[in-house]
Every structure is written in structure tokens, then in C-alpha cells.
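Content type mmCIF, C-alpha atoms, from the file work-v7.cif:
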data_structure
#
loop_
_atom_site.label_atom_id
_atom_site.label_comp_id
_atom_site.auth_asym_id
_atom_site.auth_seq_id
_atom_site.Cartn_x
_atom_site.Cartn_y
_atom_site.Cartn_z
CA MET A 195 0.00 0.00 0.00
CA PRO A 196 1.52 3.36 -0.98
CA ASP A 197 2.47 5.87 1.70
CA THR A 198 -0.14 8.50 0.80
CA GLY A 199 -0.35 11.71 2.79
CA TYR A 200 -1.43 15.33 2.70
CA CYS A 201 1.93 16.81 3.71
CA THR A 202 5.65 16.27 3.19
CA LEU A 203 8.52 15.54 5.55
CA ASP A 204 9.69 19.11 5.01
CA ASP A 205 6.29 20.30 6.26
CA VAL A 206 6.84 18.29 9.45
CA ARG A 207 10.37 19.67 9.85
CA ARG A 208 9.13 23.25 9.52
CA THR A 209 6.31 22.59 11.97
CA LEU A 210 8.68 21.19 14.60
CA ARG A 211 11.00 24.18 14.27
CA LYS A 212 8.09 26.62 14.59
CA SER A 213 7.15 24.76 17.78
CA GLN A 214 10.70 25.38 19.05
CA LEU A 215 11.62 21.72 18.68
CA PRO A 216 14.47 20.16 16.69
CA GLY A 217 13.44 19.55 13.10
CA ASP A 218 15.94 16.78 12.44
CA ILE A 219 13.95 13.63 11.65
CA SER A 220 16.54 12.13 9.32
CA GLN A 221 17.51 9.43 11.82
CA ASP A 222 14.28 7.55 11.22
CA GLU A 223 12.30 9.08 8.39
CA GLU A 224 10.10 6.00 8.04
CA ILE A 225 8.54 6.66 11.44
CA ALA A 226 7.77 10.21 10.32
CA VAL A 227 6.28 8.89 7.08
CA ASP A 228 4.12 6.45 9.07
CA ALA A 229 2.91 9.33 11.26
CA ILE A 230 1.87 11.39 8.22
CA VAL A 231 0.04 8.44 6.66
CA ALA A 232 -1.66 7.60 9.97
CA GLU A 233 -3.00 11.15 10.29
CA THR A 234 -4.18 11.47 6.67
CA GLU A 235 -6.85 8.77 6.38
CA PRO A 236 -8.72 9.69 9.61
CA LEU A 237 -8.76 13.30 8.45
CA GLU A 238 -10.44 12.37 5.18
CA LYS A 239 -13.02 10.23 6.94
CA SER A 240 -13.83 12.78 9.66
CA LEU A 241 -14.20 15.69 7.23
CA LYS A 242 -15.58 13.53 4.39
CA ARG A 243 -13.13 15.21 2.02
CA HIS A 244 -10.24 14.31 -0.25
CA TRP A 245 -7.67 16.74 -1.59
CA TYR A 246 -5.27 16.17 -4.46
CA GLU A 247 -2.51 17.93 -6.39
CA PRO A 248 -2.71 17.04 -10.12
CA ASP A 249 0.97 17.92 -10.63
CA GLY A 250 2.17 16.58 -7.29
CA ILE A 251 4.52 18.51 -4.99
CA SER A 252 8.11 18.85 -6.17
CA GLU A 253 9.72 18.73 -2.72
CA THR A 254 8.38 15.30 -1.79
CA THR A 255 9.86 11.90 -2.56
CA GLU A 256 9.08 9.87 0.56
CA ILE A 257 5.32 10.55 0.59
CA ASP A 258 2.89 9.91 -2.26
CA ILE A 259 0.86 13.11 -2.50
CA PRO A 260 -2.60 12.31 -3.99
CA THR A 261 -2.71 13.45 -7.62
CA GLU A 262 -6.24 12.51 -8.66
CA PRO A 263 -9.80 12.22 -7.37
CA LYS A 264 -11.02 9.13 -5.54
CA SER A 265 -14.10 7.06 -6.33
CA ARG A 266 -16.59 5.20 -4.19
CA ASP A 267 -19.99 3.54 -4.40
CA ASP A 268 -22.71 3.74 -1.77
CA GLU A 269 -26.12 2.33 -1.05
CA GLU A 270 -28.58 5.11 -0.30
CA ASP A 271 -32.15 5.54 0.91
CA ILE A 272 -34.54 7.93 -0.77
CA PRO A 273 -35.59 10.32 2.02
CA THR A 274 -39.26 10.20 2.92
CA GLY A 275 -41.62 12.74 4.44
CA GLY A 276 -42.13 13.17 8.15
CA ALA A 277 -45.11 12.01 10.20
CA HIS A 278 -47.97 10.39 8.33
CA LEU A 279 -51.23 8.67 9.26
CA VAL A 280 -51.35 4.89 9.58
CA GLY A 281 -52.42 3.45 6.26
CA ASP A 282 -51.36 6.49 4.28
CA PRO A 283 -48.70 5.84 1.63
CA ILE A 284 -45.13 6.86 2.39
CA THR A 285 -43.88 9.41 -0.13
CA PRO A 286 -40.47 10.91 -0.92
CA LYS A 287 -39.44 14.11 0.80
CA MET A 288 -39.24 16.92 -1.73
CA TRP A 289 -36.78 19.74 -2.30
CA GLN A 290 -37.26 22.16 -5.19
CA GLY A 291 -40.42 20.94 -6.86
CA ASP A 292 -40.47 17.23 -7.70
CA TYR A 293 -36.85 16.62 -6.72
CA THR A 294 -35.87 14.54 -3.71
CA ARG A 295 -32.36 15.03 -2.33
CA ILE A 296 -29.71 12.55 -1.23
CA GLU A 297 -26.62 13.76 0.60
CA LEU A 298 -23.59 11.84 -0.64
CA GLU A 299 -21.07 10.36 1.78
CA ARG A 300 -18.21 12.48 0.49
CA ARG A 301 -17.92 16.18 -0.22
CA ASP A 302 -16.61 17.68 -3.46
CA ALA A 303 -18.26 15.13 -5.76
CA GLU A 304 -17.05 15.71 -9.32
CA SER A 305 -19.19 13.35 -11.38
CA ILE A 306 -21.63 10.44 -11.18
CA SER A 307 -20.39 7.33 -13.02
CA GLU A 308 -23.28 5.00 -12.16
CA LEU A 309 -26.72 5.64 -10.69
CA LEU A 310 -28.74 2.50 -10.06
CA VAL A 311 -32.34 3.27 -9.07
CA ARG A 312 -34.84 0.55 -8.21
CA ASP A 313 -37.40 0.19 -10.95
CA SER A 314 -40.98 -1.05 -11.04
CA ASP A 315 -39.88 -4.63 -11.80
CA GLY A 316 -37.83 -4.85 -8.60
CA GLY A 317 -34.52 -4.57 -10.41
CA TYR A 318 -32.29 -1.55 -10.91
CA THR A 319 -31.82 0.78 -13.87
CA ASP A 320 -28.66 2.80 -14.38
CA TRP A 321 -29.87 6.31 -15.06
CA VAL A 322 -26.41 7.30 -16.29
CA SER A 323 -26.05 4.71 -19.06
CA SER A 324 -29.74 4.50 -19.98
CA ASN A 325 -30.97 6.56 -22.92
CA ASP A 326 -34.23 7.10 -21.06
CA TYR A 327 -32.70 9.42 -18.47
CA ASP A 328 -30.63 12.58 -18.56
CA GLY A 329 -28.68 14.39 -15.89
CA GLY A 330 -25.41 15.90 -14.81
CA PRO A 331 -23.99 18.75 -12.74
CA TRP A 332 -25.97 21.75 -11.55
CA PRO A 333 -27.05 24.17 -12.96
CA GLY A 334 -26.84 22.80 -16.50
CA ALA A 335 -28.82 19.67 -15.66
CA LEU A 336 -31.56 21.45 -13.70
CA GLY A 337 -34.91 20.16 -14.95
CA GLN A 338 -33.46 16.79 -15.98
CA ASP A 339 -33.87 13.42 -14.24
CA TYR A 340 -30.92 13.77 -11.86
CA VAL A 341 -28.74 16.67 -10.81
CA LEU A 342 -25.44 16.69 -8.90
CA ARG A 343 -24.92 19.85 -6.88
CA VAL A 344 -21.97 20.81 -4.69
CA ASN A 345 -22.42 23.83 -2.42
CA ASN A 346 -19.80 26.33 -1.28
CA GLY A 347 -18.87 24.10 1.67
CA GLY A 348 -18.23 21.17 -0.63
CA TRP A 349 -21.30 19.22 0.53
CA SER A 350 -22.52 17.06 -2.34
CA HIS A 351 -26.21 16.47 -3.02
CA LEU A 352 -27.83 14.28 -5.62
CA TYR A 353 -31.30 15.38 -6.72
CA LEU A 354 -33.65 12.81 -8.28
CA ASP A 355 -36.83 13.69 -10.15
CA THR A 356 -39.44 11.63 -8.29
CA THR A 357 -41.92 11.74 -11.17
CA ASN A 358 -39.83 8.87 -12.58
CA LEU A 359 -40.92 6.78 -9.60
CA LEU A 360 -44.66 7.17 -10.17
CA VAL A 361 -46.87 4.30 -11.29
CA GLU A 362 -47.82 4.78 -14.93
CA ASP A 363 -51.53 5.29 -15.60
CA ALA A 364 -52.27 5.18 -11.86
CA ASP A 365 -55.61 6.30 -10.45
CA GLU A 366 -53.83 8.52 -7.90
CA ASP A 367 -51.55 11.36 -8.96
CA ASP A 368 -48.90 10.54 -6.34
CA GLU A 369 -48.88 6.73 -6.40
CA TYR A 370 -45.31 5.45 -6.31
CA TYR A 371 -44.30 1.96 -7.43
CA LEU A 372 -41.80 1.53 -4.57
CA ASP A 373 -43.05 -0.34 -1.52
CA SER A 374 -40.01 0.88 0.39
CA PHE A 375 -37.62 3.73 -0.27
CA SER A 376 -34.84 2.11 1.77
CA ASN A 377 -31.75 1.08 -0.20
CA ALA A 378 -33.46 2.23 -3.39
CA VAL A 379 -30.35 3.83 -4.89
CA TYR A 380 -26.78 2.73 -5.54
CA VAL A 381 -24.52 5.58 -6.61
CA SER A 382 -20.90 5.53 -7.80
CA PHE A 383 -19.08 8.83 -8.02
CA ASP A 384 -15.69 10.52 -8.19
CA TYR A 385 -14.83 13.10 -5.57
CA GLY A 386 -12.02 15.37 -4.51
CA HIS A 387 -10.87 18.98 -4.21
CA LYS A 388 -8.16 20.09 -6.60
CA GLY A 389 -5.31 21.55 -4.56
CA ILE A 390 -4.27 20.74 -0.99
CA PRO A 391 -4.81 23.89 1.10
CA ARG A 392 -1.91 25.16 3.19
CA ASN A 393 -4.05 24.80 6.31
CA VAL A 394 -4.54 21.09 5.62
CA ARG A 395 -0.84 20.49 5.03
CA ARG A 396 0.05 22.32 8.23
CA ALA A 397 -2.60 20.51 10.26
CA VAL A 398 -1.42 17.06 9.16
CA ALA A 399 2.18 18.09 9.81
CA LEU A 400 1.25 19.30 13.30
CA ARG A 401 -0.55 16.08 14.18
CA ALA A 402 2.29 13.97 12.79
CA GLY A 403 4.79 16.11 14.67
CA ALA A 404 2.84 15.61 17.90
CA GLU A 405 3.16 11.85 17.40
CA LEU A 406 6.91 12.16 16.94
CA VAL A 407 7.21 14.26 20.09
CA GLU A 408 5.27 11.74 22.17
CA GLU A 409 7.20 8.80 20.79
CA ALA A 410 10.51 10.60 21.41
CA VAL A 411 11.55 10.12 17.79
CA ILE A 412 13.08 13.58 17.70
CA SER A 413 15.76 14.75 20.09
CA ILE A 414 14.11 16.52 23.00
CA PRO A 415 16.15 19.23 24.74
CA GLU A 416 17.75 17.92 27.93
CA ASN A 417 16.04 20.52 30.10
CA ALA A 418 12.55 19.53 28.86
CA THR A 419 10.32 17.80 31.40
CA LEU A 420 7.74 15.11 30.65
CA TYR A 421 5.04 17.67 31.42
CA ASN A 422 6.49 20.09 28.87
CA ILE A 423 6.67 17.38 26.22
CA GLU A 424 3.05 16.34 26.73
CA THR A 425 1.96 19.97 26.78
CA LYS A 426 3.83 20.71 23.56
CA ALA A 427 2.20 17.75 21.79
CA GLU A 428 -1.23 18.86 23.00
CA GLU A 429 -0.58 22.42 21.82
CA MET A 430 0.32 21.10 18.38
CA ARG A 431 -2.89 19.09 18.16
CA THR A 432 -4.96 22.06 19.31
CA LYS A 433 -3.37 24.23 16.63
CA ALA A 434 -4.15 21.56 14.03
CA ASP A 435 -7.79 21.49 15.14
CA ASP A 436 -7.97 25.28 14.83
CA LEU A 437 -6.60 25.15 11.27
CA LEU A 438 -9.15 22.52 10.25
CA GLU A 439 -12.16 24.22 11.84
CA VAL A 440 -12.94 26.07 8.61
CA TYR A 441 -13.49 22.72 6.85
CA LEU A 442 -16.03 21.33 9.34
#
Take the structure in the file and give it back as C-alpha cells.
Amino acid sequence: MPDTGYCTLDDVRRTLRKSQLPGDISQDEEIAVDAIVAETEPLEKSLKRHWYEPDGISETTEIDIPTEPKSRDDEEDIPTGGAHLVGDPITPKMWQGDYTRIELERRDAESISELLVRDSDGGYTDWVSSNDYDGGPWPGALGQDYVLRVNNGGWSHLYLDTTNLLVEDADEDDEYYLDSFSNAVYVSFDYGHKGIPRNVRRAVALRAGAELVEEAVISIPENATLYNIETKAEEMRTKADDLLEVYL
């Protein structure tokens, strides 16, 4: 598995020096690499984001900086309305006219590669490959069968036109062919933000540096007490949290 991370060893060195600690990690660079890798994946999962540099970063050789988007596939429910009377049919929750909205599990979605929606026969139809459906990114696809929209915070929403889920020639205007809206959609998509922000690089470097301090990988000044070491590591983590707050 490649050593993929959002910062370089030089970022960690600079961070340690700014924290008034020795920046020499050359004695065991692999431990520093492991620390960067260990802090990168949890960050992506907690923030539901992925950053990448299409051209890489020239100063790095030990760490594989992500250079392209990631992809994933998820099983999703179609959201339904709130309280309803016993015996009344359950209907999709609507946003913007006939559209229902699904929040994707990762921010910064770039494109939908497959969109399997349960059909009236109990199987699934791929709205992306089928000639019967159209869609794409907002705003160009607005009014079509599906729309992918990413807001200013990177949150990704998939809008589905629920009129496609109605029973044809039904007696009722809002009679849907789905008995259950749970697990009604499987979506595959690419996601990622082009460019790794300086705040993200610094935050990962700070968290990795805190690990190195606690594990005594770097040379700690002789006059430093255990209390000071633990305090310094905690300060570094707090600073990292502050830098990442804008991405929450």
C-alpha cells in the first residue's frame, strides 16, 4: 500500500522548528512517514473530504501526495416525508419541486459514473447509461432526471426527479411503485478537491509532529520535562484542530 499523505517531511520539519523543537527527523524518516500516513486517512473520513494535487509537490519523494480524485460507491435511501397517518402511503421528501435530495457520503463530488435506481420490476436501472434518463452537474442539468450539486462548503447532493418513480396510468396522482424507499439507490461517483490547502498540510504536519514528540523520535532538549513534552504535543494538536475548523 503506498504511503499517501497530505503533507511532506519538510512540512513536518518546519512545523517542529516553529514549535521550538528540533526539526531533524533524518535518523528515522520511516517513522515520520508512518505518522503522516496515519493522520491522513482519519482526516479524510472525519471531514468527508479528499484533496489532491494534479501535478504533485516537487519537494516530496518519501510521501505519495494524492494526484487525482477518488471514487466510491454507496447504497442510499430515498428520504421520505415526516409524520404520516397509519395506512397512508409513504412518499419521498421533496426539495425544489419534484426533486428529492440525497446527501452523498463524500464532499466535493465531481461526477456520477453510475446511478442504479430501483425500478418497477424490482430490479435496478442505471440512469447514467440508460438513454431514457438525462442528468449531470448543476445548474446545466436542472430540470433533468438527476442533478449533482456541490455547495460552497463542498457538501454534495444528488437530486432525483421523483416523477420517474410514479406508477404509470395510476388512479392517484402521487402513487409510487416503490413499496419501500430504503436502499433504493446505488450511486458511484468521483470526488475530490483540486489543490491541498496550506491549512490542511500544516494541520497534518502538526498532528504527525505531535506523534513524533510523544514517541521521542526527535531529540528533546535535555532541560525539557515530561510535562512540557506532553503539553507541547497537545498544543500542536490544538493548533491543528484550529486550522481545520474552517473545513467542518
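Using only C-alpha atoms, the smallest distance between any of A:Asn325, A:Thr432, A:Thr356, A:Ser382 and Leu400 of chain A comes from A:Thr432.
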Would you list the contacts of segment 248-264 of chain A as a PyMOL selection string, taking every protein, DNA or RNA residue within 9 Å and counting all atoms listed in the file, but skipping same-chain residues closer than 2 positions in sequence? chain A and resi 196-204+223-224+227+230-231+244-246+266+304+383-389
Protein/DNA/RNA residues near (-1.5, 26.0, 4.3), cut 12 Å, only C-alpha atoms, as a PyMOL selection string: chain A and resi 200-201+205+209+389-400+434+437-438
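The spacing separating atom CA of Asp222 of chain A from atom CA of Asp436 of chain A amounts to 28.7 Å.
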Residue members of the PyMOL selection byres ((chain A and resi 367-378) around 8) in the file shown, as JSON, numbers by chain: {"A": [269, 270, 271, 272, 273, 274, 285, 286, 311, 312, 313, 314, 359, 360, 361, 364, 365, 366, 379, 380]}
How about saving the chosen residues, C-alpha atoms kept, as a tab-separated table (two decimals), in the frame of the given file?
chain	number	residue	atom	x	y	z
A	269	GLU	CA	-26.12	2.33	-1.05
A	270	GLU	CA	-28.58	5.11	-0.30
A	271	ASP	CA	-32.15	5.54	0.91
A	272	ILE	CA	-34.54	7.93	-0.77
A	273	PRO	CA	-35.59	10.32	2.02
A	274	THR	CA	-39.26	10.20	2.92
A	285	THR	CA	-43.88	9.41	-0.13
A	286	PRO	CA	-40.47	10.91	-0.92
A	311	VAL	CA	-32.34	3.27	-9.07
A	312	ARG	CA	-34.84	0.55	-8.21
A	313	ASP	CA	-37.40	0.19	-10.95
A	314	SER	CA	-40.98	-1.05	-11.04
A	359	LEU	CA	-40.92	6.78	-9.60
A	360	LEU	CA	-44.66	7.17	-10.17
A	361	VAL	CA	-46.87	4.30	-11.29
A	364	ALA	CA	-52.27	5.18	-11.86
A	365	ASP	CA	-55.61	6.30	-10.45
A	366	GLU	CA	-53.83	8.52	-7.90
A	379	VAL	CA	-30.35	3.83	-4.89
A	380	TYR	CA	-26.78	2.73	-5.54
Quick one: pull the distance between atom CA of Pro236 of chain A and atom CA of Trp332 of chain A, Å, one decimal. 29.8 Å
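Picture a line from atom CA of Leu342 of chain A to atom CA of Thr357 of chain A; it runs 17.4 Å.
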Contact residues around Ser213 of chain A with all atoms listed in the file at 9 Å, ignoring same-chain residues under 5 positions, as a ChimeraX atom specification: /A:208,426,430
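Among the candidate residues A:Tyr318, A:Tyr441, A:Tyr327, A:Tyr293, the one lying nearest to Asp355 of chain A is A:Tyr293, with distances computed using only C-alpha atoms.
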Run through the PyMOL selection byres ((chain A and resi 338) around 9) on the given coordinates and return the selected residues as a list in words. Tyr327, Asp328, Gly329, Gly330, Gly334, Ala335, Leu336, Gly337, Asp339, Tyr340, Val341, Leu354 and Asp355 of chain A
For the file shown, report as a list in words the outcome of the PyMOL selection byres ((chain A and resi 346) around 12) at residue level. Arg301, Asp302, Arg343, Val344, Asn345, Gly347, Gly348, Trp349, Ser350, His351, His387 and Tyr441 of chain A
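Compared by their closest atoms to Lys239 of chain A, and using only C-alpha atoms, the residues A:Glu429, A:Asp435, A:Glu308, A:Glu299 rank with A:Glu299 nearest.
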